[in-house]
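One file, structure13.cif, is given below (mmCIF, C-alpha atoms).
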```cif
data_protein
loop_
_atom_site.label_atom_id
_atom_site.label_comp_id
_atom_site.auth_asym_id
_atom_site.auth_seq_id
_atom_site.Cartn_x
_atom_site.Cartn_y
_atom_site.Cartn_z
CA MET Q 1 -7.43 -25.54 -4.25
CA ILE Q 2 -3.74 -26.22 -3.57
CA SER Q 3 -4.41 -29.96 -3.27
CA LYS Q 4 -5.83 -29.87 -6.81
CA LEU Q 5 -2.63 -28.21 -7.96
CA PHE Q 6 -0.58 -30.94 -6.28
CA ARG Q 7 -2.48 -33.60 -8.22
CA SER Q 8 -2.36 -31.60 -11.43
CA PHE Q 9 1.35 -30.98 -11.21
CA GLY Q 10 2.36 -34.39 -9.98
CA LEU Q 11 2.84 -33.25 -6.44
CA CYS Q 12 5.05 -30.55 -7.20
CA VAL Q 13 5.23 -8.04 -3.45
CA ILE Q 14 7.97 -6.84 -3.43
CA ALA Q 15 9.04 -5.73 0.04
CA LEU Q 16 7.47 -2.51 1.27
CA VAL Q 17 9.98 0.24 1.88
CA THR Q 18 8.70 0.61 5.40
CA PHE Q 19 10.43 -2.66 6.31
CA SER Q 20 14.15 -2.79 6.82
CA SER Q 21 16.29 -4.57 4.24
CA SER Q 22 19.62 -3.49 5.69
CA VAL Q 23 20.63 -6.81 7.20
CA PRO Q 24 22.75 -8.75 4.69
CA ALA Q 25 21.87 -12.31 3.78
CA LYS Q 26 24.17 -15.06 4.96
CA PRO Q 27 26.93 -15.22 2.33
CA ALA Q 28 27.37 -18.38 0.31
CA ASP Q 29 30.44 -20.07 1.71
CA GLY Q 30 30.39 -23.55 0.22
CA ALA Q 31 30.23 -25.07 3.70
CA VAL Q 32 27.47 -27.32 5.00
CA HIS Q 33 25.21 -25.68 7.58
CA PRO Q 34 24.16 -28.48 9.96
CA GLU Q 35 22.22 -26.02 12.13
CA MET Q 36 19.58 -25.88 9.38
CA ILE Q 37 18.41 -29.42 10.18
CA VAL Q 38 17.46 -30.64 13.64
CA SER Q 39 16.73 -34.18 14.75
CA ALA Q 40 13.69 -35.36 16.66
CA LYS Q 41 15.98 -36.00 19.62
CA TRP Q 42 17.28 -32.42 19.57
CA LEU Q 43 13.80 -31.00 19.33
CA SER Q 44 12.49 -33.18 22.16
CA GLU Q 45 15.25 -31.79 24.38
CA HIS Q 46 14.39 -28.17 23.50
CA LEU Q 47 10.60 -28.13 23.60
CA ASN Q 48 10.62 -26.14 26.82
CA ASP Q 49 13.07 -23.55 25.55
CA PRO Q 50 11.03 -20.32 25.37
CA LYS Q 51 13.01 -19.14 22.35
CA VAL Q 52 12.23 -22.28 20.33
CA ILE Q 53 9.07 -21.89 18.25
CA VAL Q 54 7.82 -25.05 16.54
CA LEU Q 55 5.60 -24.61 13.49
CA HIS Q 56 3.37 -27.38 12.20
CA VAL Q 57 2.66 -26.66 8.51
CA ALA Q 58 -0.44 -28.19 6.95
CA GLN Q 59 -3.27 -27.35 4.60
CA LYS Q 60 -6.05 -28.19 7.03
CA HIS Q 61 -6.36 -27.57 10.76
CA GLU Q 62 -7.80 -31.07 11.17
CA GLU Q 63 -4.38 -32.52 10.43
CA TYR Q 64 -2.95 -30.55 13.32
CA ASP Q 65 -5.85 -31.48 15.59
CA LYS Q 66 -5.24 -35.20 15.06
CA GLY Q 67 -1.89 -34.92 16.79
CA HIS Q 68 1.09 -32.61 16.72
CA ILE Q 69 4.39 -32.14 18.50
CA PRO Q 70 3.69 -30.73 21.96
CA GLY Q 71 3.73 -26.95 21.88
CA ALA Q 72 3.74 -26.72 18.09
CA ARG Q 73 1.74 -23.89 16.53
CA PHE Q 74 -0.41 -24.45 13.45
CA LEU Q 75 0.74 -22.63 10.31
CA ALA Q 76 -1.72 -22.91 7.45
CA LEU Q 77 -0.19 -23.11 3.99
CA GLU Q 78 -2.58 -20.42 2.78
CA ASP Q 79 -1.20 -18.01 5.39
CA PHE Q 80 2.18 -17.73 3.70
CA ILE Q 81 1.33 -18.19 0.03
CA GLU Q 82 -1.11 -16.22 -2.08
CA GLY Q 83 -3.45 -17.39 -4.82
CA LYS Q 84 -3.47 -20.58 -6.81
CA GLU Q 85 -0.02 -19.71 -8.14
CA ALA Q 86 1.37 -19.81 -4.56
CA GLU Q 87 3.11 -16.43 -4.75
CA LEU Q 88 4.70 -14.65 -1.81
CA PRO Q 89 2.15 -12.42 -0.05
CA ALA Q 90 2.85 -8.82 0.88
CA THR Q 91 5.48 -8.40 3.56
CA GLU Q 92 3.08 -6.88 6.08
CA LYS Q 93 0.82 -9.94 5.80
CA LEU Q 94 3.76 -12.27 6.42
CA LYS Q 95 4.87 -10.17 9.39
CA ASP Q 96 1.37 -10.48 10.87
CA THR Q 97 1.25 -14.22 10.20
CA PHE Q 98 4.45 -14.97 12.08
CA GLU Q 99 3.80 -12.51 14.90
CA LYS Q 100 0.45 -14.23 15.53
CA LEU Q 101 2.40 -17.46 15.96
CA GLY Q 102 4.62 -15.88 18.59
CA VAL Q 103 7.75 -15.48 16.47
CA ASN Q 104 10.17 -12.85 17.75
CA ASP Q 105 13.36 -11.52 16.24
CA ASP Q 106 15.41 -13.82 18.48
CA SER Q 107 13.22 -16.92 18.05
CA ARG Q 108 14.76 -20.20 16.90
CA VAL Q 109 12.09 -21.53 14.54
CA VAL Q 110 11.76 -25.24 13.77
CA VAL Q 111 9.43 -26.20 10.93
CA TYR Q 112 7.88 -29.55 10.12
CA THR Q 113 4.96 -30.80 8.09
CA THR Q 114 2.67 -33.78 8.10
CA ASP Q 115 3.51 -35.57 4.90
CA TRP Q 116 4.71 -33.42 1.96
CA TYR Q 117 8.14 -31.95 2.58
CA PRO Q 118 7.93 -29.01 0.14
CA MET Q 119 5.41 -27.30 2.41
CA ALA Q 120 8.07 -27.16 5.12
CA GLY Q 121 10.64 -26.01 2.57
CA ARG Q 122 8.33 -23.23 1.48
CA ALA Q 123 7.96 -22.05 5.08
CA TYR Q 124 11.76 -22.00 5.39
CA TYR Q 125 12.08 -20.10 2.12
CA THR Q 126 9.55 -17.52 3.30
CA LEU Q 127 11.37 -16.95 6.57
CA ASP Q 128 14.68 -16.73 4.72
CA TYR Q 129 13.16 -14.15 2.37
CA LEU Q 130 12.13 -12.21 5.47
CA GLY Q 131 15.68 -12.35 6.87
CA HIS Q 132 15.07 -15.04 9.51
CA GLY Q 133 16.63 -17.99 7.69
CA ASP Q 134 19.68 -17.98 9.95
CA HIS Q 135 17.35 -18.76 12.85
CA THR Q 136 15.20 -21.37 11.11
CA ALA Q 137 15.62 -25.12 10.72
CA LEU Q 138 13.64 -28.07 9.39
CA LEU Q 139 12.86 -31.14 11.47
CA ASP Q 140 14.61 -34.08 9.82
CA GLY Q 141 11.98 -36.58 8.74
CA GLY Q 142 9.14 -34.34 9.84
CA LEU Q 143 6.31 -35.78 11.86
CA ASP Q 144 6.99 -39.24 10.40
CA GLU Q 145 10.35 -39.41 12.16
CA TRP Q 146 8.88 -38.07 15.40
CA ARG Q 147 6.28 -40.84 15.35
CA LYS Q 148 8.81 -43.48 14.36
CA GLU Q 149 10.76 -42.68 17.51
CA ASN Q 150 7.56 -43.11 19.55
CA ARG Q 151 7.65 -39.56 20.80
CA GLN Q 152 4.67 -37.92 22.42
CA LEU Q 153 1.97 -36.19 20.39
CA SER Q 154 -0.52 -33.66 21.66
CA GLN Q 155 -3.99 -32.50 20.65
CA ASP Q 156 -3.80 -29.36 22.76
CA ALA Q 157 -3.18 -26.00 21.18
CA PRO Q 158 -0.61 -23.93 23.11
CA LYS Q 159 -1.39 -20.50 24.48
CA ILE Q 160 0.40 -18.03 22.22
CA THR Q 161 1.69 -14.59 23.09
CA ARG Q 162 1.95 -12.43 20.03
CA GLY Q 163 5.55 -11.94 18.94
CA SER Q 164 7.47 -8.94 17.67
CA PHE Q 165 8.98 -9.77 14.29
CA THR Q 166 10.97 -7.37 12.12
CA PRO Q 167 11.24 -8.37 8.45
CA HIS Q 168 14.59 -7.73 6.78
CA VAL Q 169 13.55 -8.58 3.24
CA HIS Q 170 16.06 -10.18 0.87
CA PRO Q 171 14.62 -9.70 -2.62
CA GLU Q 172 17.69 -11.36 -4.13
CA VAL Q 173 16.43 -14.82 -3.10
CA ARG Q 174 13.34 -14.32 -5.25
CA ALA Q 175 14.42 -14.76 -8.86
CA MET Q 176 12.33 -12.79 -11.33
CA MET Q 177 11.60 -13.38 -15.00
CA ASP Q 178 14.45 -11.22 -16.33
CA GLU Q 179 17.01 -13.22 -14.35
CA ILE Q 180 15.57 -16.53 -15.54
CA LYS Q 181 15.63 -15.40 -19.17
CA LYS Q 182 19.26 -14.36 -18.82
CA ASP Q 183 20.29 -17.63 -17.16
CA SER Q 184 18.43 -19.57 -19.84
CA GLU Q 185 19.69 -17.64 -22.86
CA GLN Q 186 23.28 -17.12 -21.76
CA PRO Q 187 24.63 -20.33 -20.23
CA THR Q 188 27.32 -19.63 -17.69
CA LYS Q 189 29.20 -21.58 -15.08
CA ALA Q 190 28.32 -18.88 -12.57
CA ALA Q 191 24.60 -19.77 -12.37
CA MET Q 192 22.54 -22.91 -12.85
CA LEU Q 193 18.80 -23.41 -13.21
CA VAL Q 194 17.54 -26.42 -11.27
CA ASP Q 195 14.22 -28.06 -12.16
CA SER Q 196 12.79 -29.68 -9.02
CA ARG Q 197 9.89 -31.60 -10.57
CA PRO Q 198 9.37 -35.34 -11.23
CA ASP Q 199 11.12 -36.96 -14.20
CA LYS Q 200 8.07 -36.92 -16.45
CA ARG Q 201 7.34 -33.26 -15.84
CA TYR Q 202 10.94 -32.38 -16.69
CA ALA Q 203 10.85 -34.45 -19.88
CA ASP Q 204 7.47 -32.99 -20.86
CA GLY Q 205 9.09 -29.57 -20.96
CA HIS Q 206 11.71 -27.62 -19.00
CA ILE Q 207 13.42 -24.25 -19.24
CA ALA Q 208 16.46 -24.36 -21.51
CA GLY Q 209 19.67 -25.02 -19.62
CA ALA Q 210 18.00 -26.36 -16.50
CA VAL Q 211 19.43 -29.47 -14.87
CA HIS Q 212 17.06 -31.88 -13.20
CA VAL Q 213 17.10 -32.72 -9.47
CA TYR Q 214 13.73 -34.10 -8.40
CA TRP Q 215 13.28 -32.96 -4.81
CA GLN Q 216 12.49 -36.48 -3.58
CA GLU Q 217 15.99 -37.57 -4.59
CA THR Q 218 17.37 -35.56 -1.65
CA LEU Q 219 15.66 -37.89 0.85
CA VAL Q 220 16.58 -41.40 1.90
CA ASP Q 221 13.08 -42.60 0.96
CA ALA Q 222 10.34 -40.04 0.40
CA LYS Q 223 7.61 -42.51 1.38
CA ASP Q 224 9.04 -44.74 4.10
CA ASN Q 225 12.05 -42.85 5.50
CA PRO Q 226 11.80 -39.15 4.58
CA VAL Q 227 14.99 -37.98 6.26
CA PHE Q 228 17.58 -35.97 4.37
CA LEU Q 229 20.49 -37.70 2.70
CA PRO Q 230 23.79 -36.99 4.45
CA PRO Q 231 25.73 -34.01 3.07
CA ASP Q 232 28.25 -36.11 1.15
CA LYS Q 233 25.43 -37.92 -0.67
CA LEU Q 234 23.69 -34.63 -1.45
CA LYS Q 235 26.94 -33.25 -2.87
CA GLN Q 236 27.32 -36.39 -4.99
CA LEU Q 237 23.76 -35.97 -6.24
CA PHE Q 238 24.41 -32.39 -7.27
CA ALA Q 239 27.73 -33.31 -8.89
CA SER Q 240 26.02 -36.05 -10.90
CA ARG Q 241 23.83 -33.36 -12.48
CA GLY Q 242 26.73 -31.11 -13.38
CA ILE Q 243 26.33 -28.73 -10.44
CA THR Q 244 29.67 -27.53 -9.17
CA PRO Q 245 30.69 -25.67 -6.00
CA GLY Q 246 30.59 -21.91 -6.30
CA GLN Q 247 27.66 -21.75 -8.70
CA LYS Q 248 24.51 -19.83 -7.93
CA LEU Q 249 21.53 -22.18 -8.02
CA VAL Q 250 18.11 -20.92 -9.10
CA THR Q 251 15.41 -23.49 -8.43
CA TYR Q 252 11.98 -23.74 -10.01
CA CYS Q 253 9.10 -26.20 -10.37
CA GLU Q 254 5.45 -25.67 -11.30
CA ILE Q 255 4.42 -22.92 -8.87
CA GLY Q 256 7.31 -22.60 -6.42
CA LEU Q 257 6.66 -25.28 -3.80
CA GLN Q 258 8.86 -28.21 -4.83
CA ALA Q 259 11.50 -25.65 -5.77
CA SER Q 260 11.48 -24.36 -2.19
CA HIS Q 261 12.67 -27.75 -0.99
CA ASN Q 262 15.66 -27.69 -3.34
CA TYR Q 263 16.29 -24.06 -2.39
CA PHE Q 264 16.62 -25.29 1.20
CA ILE Q 265 19.03 -28.05 0.14
CA ALA Q 266 21.15 -25.57 -1.81
CA LYS Q 267 21.39 -23.24 1.18
CA TYR Q 268 22.14 -26.18 3.48
CA LEU Q 269 25.09 -27.12 1.26
CA GLY Q 270 26.39 -23.55 1.26
CA TYR Q 271 25.34 -22.46 -2.22
CA ASP Q 272 24.19 -19.01 -3.20
CA ALA Q 273 20.53 -19.75 -4.00
CA ALA Q 274 17.36 -18.16 -5.30
CA MET Q 275 13.94 -19.50 -6.19
CA PHE Q 276 11.85 -18.62 -9.23
CA ASP Q 277 8.51 -18.20 -7.48
CA GLY Q 278 6.55 -17.96 -10.74
CA SER Q 279 8.18 -21.15 -12.04
CA ILE Q 280 6.72 -22.97 -15.05
CA HIS Q 281 3.34 -21.35 -14.48
CA GLU Q 282 4.74 -17.89 -15.13
CA TRP Q 283 7.27 -18.96 -17.77
CA SER Q 284 5.06 -21.14 -19.93
CA HIS Q 285 1.40 -20.79 -18.96
CA MET Q 286 1.36 -17.01 -18.54
CA ASN Q 287 4.09 -15.84 -20.93
CA LYS Q 288 4.03 -18.70 -23.47
CA LEU Q 289 7.82 -18.94 -23.48
CA PRO Q 290 9.32 -22.07 -25.07
CA LEU Q 291 10.25 -25.24 -23.19
CA VAL Q 292 12.74 -27.95 -24.07
CA VAL Q 293 11.08 -31.34 -24.49
CA GLY Q 294 13.09 -34.40 -23.49
CA THR Q 295 16.06 -34.82 -21.18
CA SER Q 296 18.63 -32.71 -23.03
CA LEU Q 297 19.51 -29.40 -21.38
CA ARG Q 298 18.83 -27.48 -24.59
#
```
Please express the file's structure as structure tokens.
Amino acid sequence: MISKLFRSFGLCVIALVTFSSSVPAKPADGAVHPEMIVSAKWLSEHLNDPKVIVLHVAQKHEEYDKGHIPGARFLALEDFIEGKEAELPATEKLKDTFEKLGVNDDSRVVVYTTDWYPMAGRAYYTLDYLGHGDHTALLDGGLDEWRKENRQLSQDAPKITRGSFTPHVHPEVRAMMDEIKKDSEQPTKAAMLVDSRPDKRYADGHIAGAVHVYWQETLVDAKDNPVFLPPDKLKQLFASRGITPGQKLVTYCEIGLQASHNYFIAKYLGYDAAMFDGSIHEWSHMNKLPLVVGTSLR
């Protein structure tokens, strides 16, 4: 189902009151957060750390079975998205998902995927929404980089002890329709919509006022060397699209997967960020709101 959406889109719950939301989100500080990205070397040196939980994100278990980082736990994409629109599931479901994987409140979570970076970005976004973003990182280059460095793979599934995970939901990182309408109708230097889709999808129709940063542009080479650009290059990329320090960035795509990758980049660079989970599907397909055709902002 999701794979069909990827092809179709060109490879692009509100928290229950019973869960605490008292822990504040990390404030936007404009500083790069290098702890959000770990190298294959770092991970190889910390595989035996009991507080490090490695999550292998994929659509199918067979991908995990073919070979994964030793000790990594399999996280199915369908376990942290809901429906063909890839919405956030209910908080209690997400709590159960991560507890089954052994995640505790003090776990240092490292996420990687097999081949399509936005799946890892979506896992990060979900954990950040649940208040665990400060303890979550992505593996630079994913499994490709691990293999390139000739590091060991395993076909054994680790024995998992159920964790104890307390969600501290941050609804502010999930932009809703009213916020998107406001940002679109009333252009302001305080907030910027960021379209994360390929060039053609942006030109075919985007939300008024949205700048375009295709998520693959944040990598050295999405196909052959999918590591992140260094921070100075990422800042130059953002600046080239008119994004300035201090702005709030609200990312979107087709259904909220590609946008999760750019949400991660924005947080990494120290921006205040949110993601429009409904994205173009909710804006255009469901609500029939207008889109701007071409490359002009409006």
Selection in question (the file shown): the PyMOL selection byres ((chain Q and resi 253-265) around 7). Which residues does it include, as a PyMOL selection string? chain Q and resi 9+12+85-86+118-119+121-122+125+195-197+215+251-252+266-269+273-281
Distance in Å - atom CA of Val194 of chain Q versus atom CA of Trp283 of chain Q: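 The value is 14.3 Å.
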On this file, the PyMOL selection byres ((chain Q and resi 200-205) around 8) gives some set of residues; write that set as a list in words.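 For this structure, the PyMOL selection byres ((chain Q and resi 200-205) around 8) captures Phe9, Gly10, Asp195, Arg197, Pro198, Asp199, His206, Ile207, His212, Leu291, Val292, Val293, Gly294 and Thr295 of chain Q.
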Given only C-alpha atoms as the counted atoms, nearest of Q:Gly142, Q:Val169, Q:Ala137, Q:Pro34 to Ala222 of chain Q: Q:Gly142
Have a look at Q:Leu127, Q:Leu234, Q:Leu88, Q:Leu47 and name the one nearest to Thr166 of chain Q; count only C-alpha atoms. Q:Leu127
Find the residues near Leu297 of chain Q: any atom within 7 Å, counting only C-alpha atoms, skip ones fewer than 4 places away on the same chain, and give them as a list in words.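 Here the qualifying residues turn out to be Ala208, Gly209, Ala210 and Val211 of chain Q.
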Segment 99-109 of chain Q environment, 6 Å, all atoms listed in the file, sequence neighbours closer than 5 positions dropped, as a list in words: Lys51, Val52, Ile53, Val54, His135, Thr136, Ile160, Thr161, Arg162, Gly163, Ser164 and Phe165 of chain Q
Skip Gln155 of chain Q itself and residues of its chain fewer than 3 positions away, then list as a PyMOL selection string all residues within 12 Å of it, counting only C-alpha atoms. chain Q and resi 61-74+152+158
Please evaluate the PyMOL selection byres ((chain Q and resi 219-221) around 10) against the structure above and give the resulting residues as a PyMOL selection string. chain Q and resi 117+140-141+215-218+222-230+233-234
note - atom CA of Gln236 of chain Q and atom CA of Met36 of chain Q are separated by 19.4 Å
Using all atoms listed in the file, which of Q:Leu153, Q:Glu35, Q:Lys248, Q:His285 sits nearest Asp134 of chain Q? Q:Glu35
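Atom CA of Asp79 of chain Q lies 22.2 Å from atom CA of Glu172 of chain Q.
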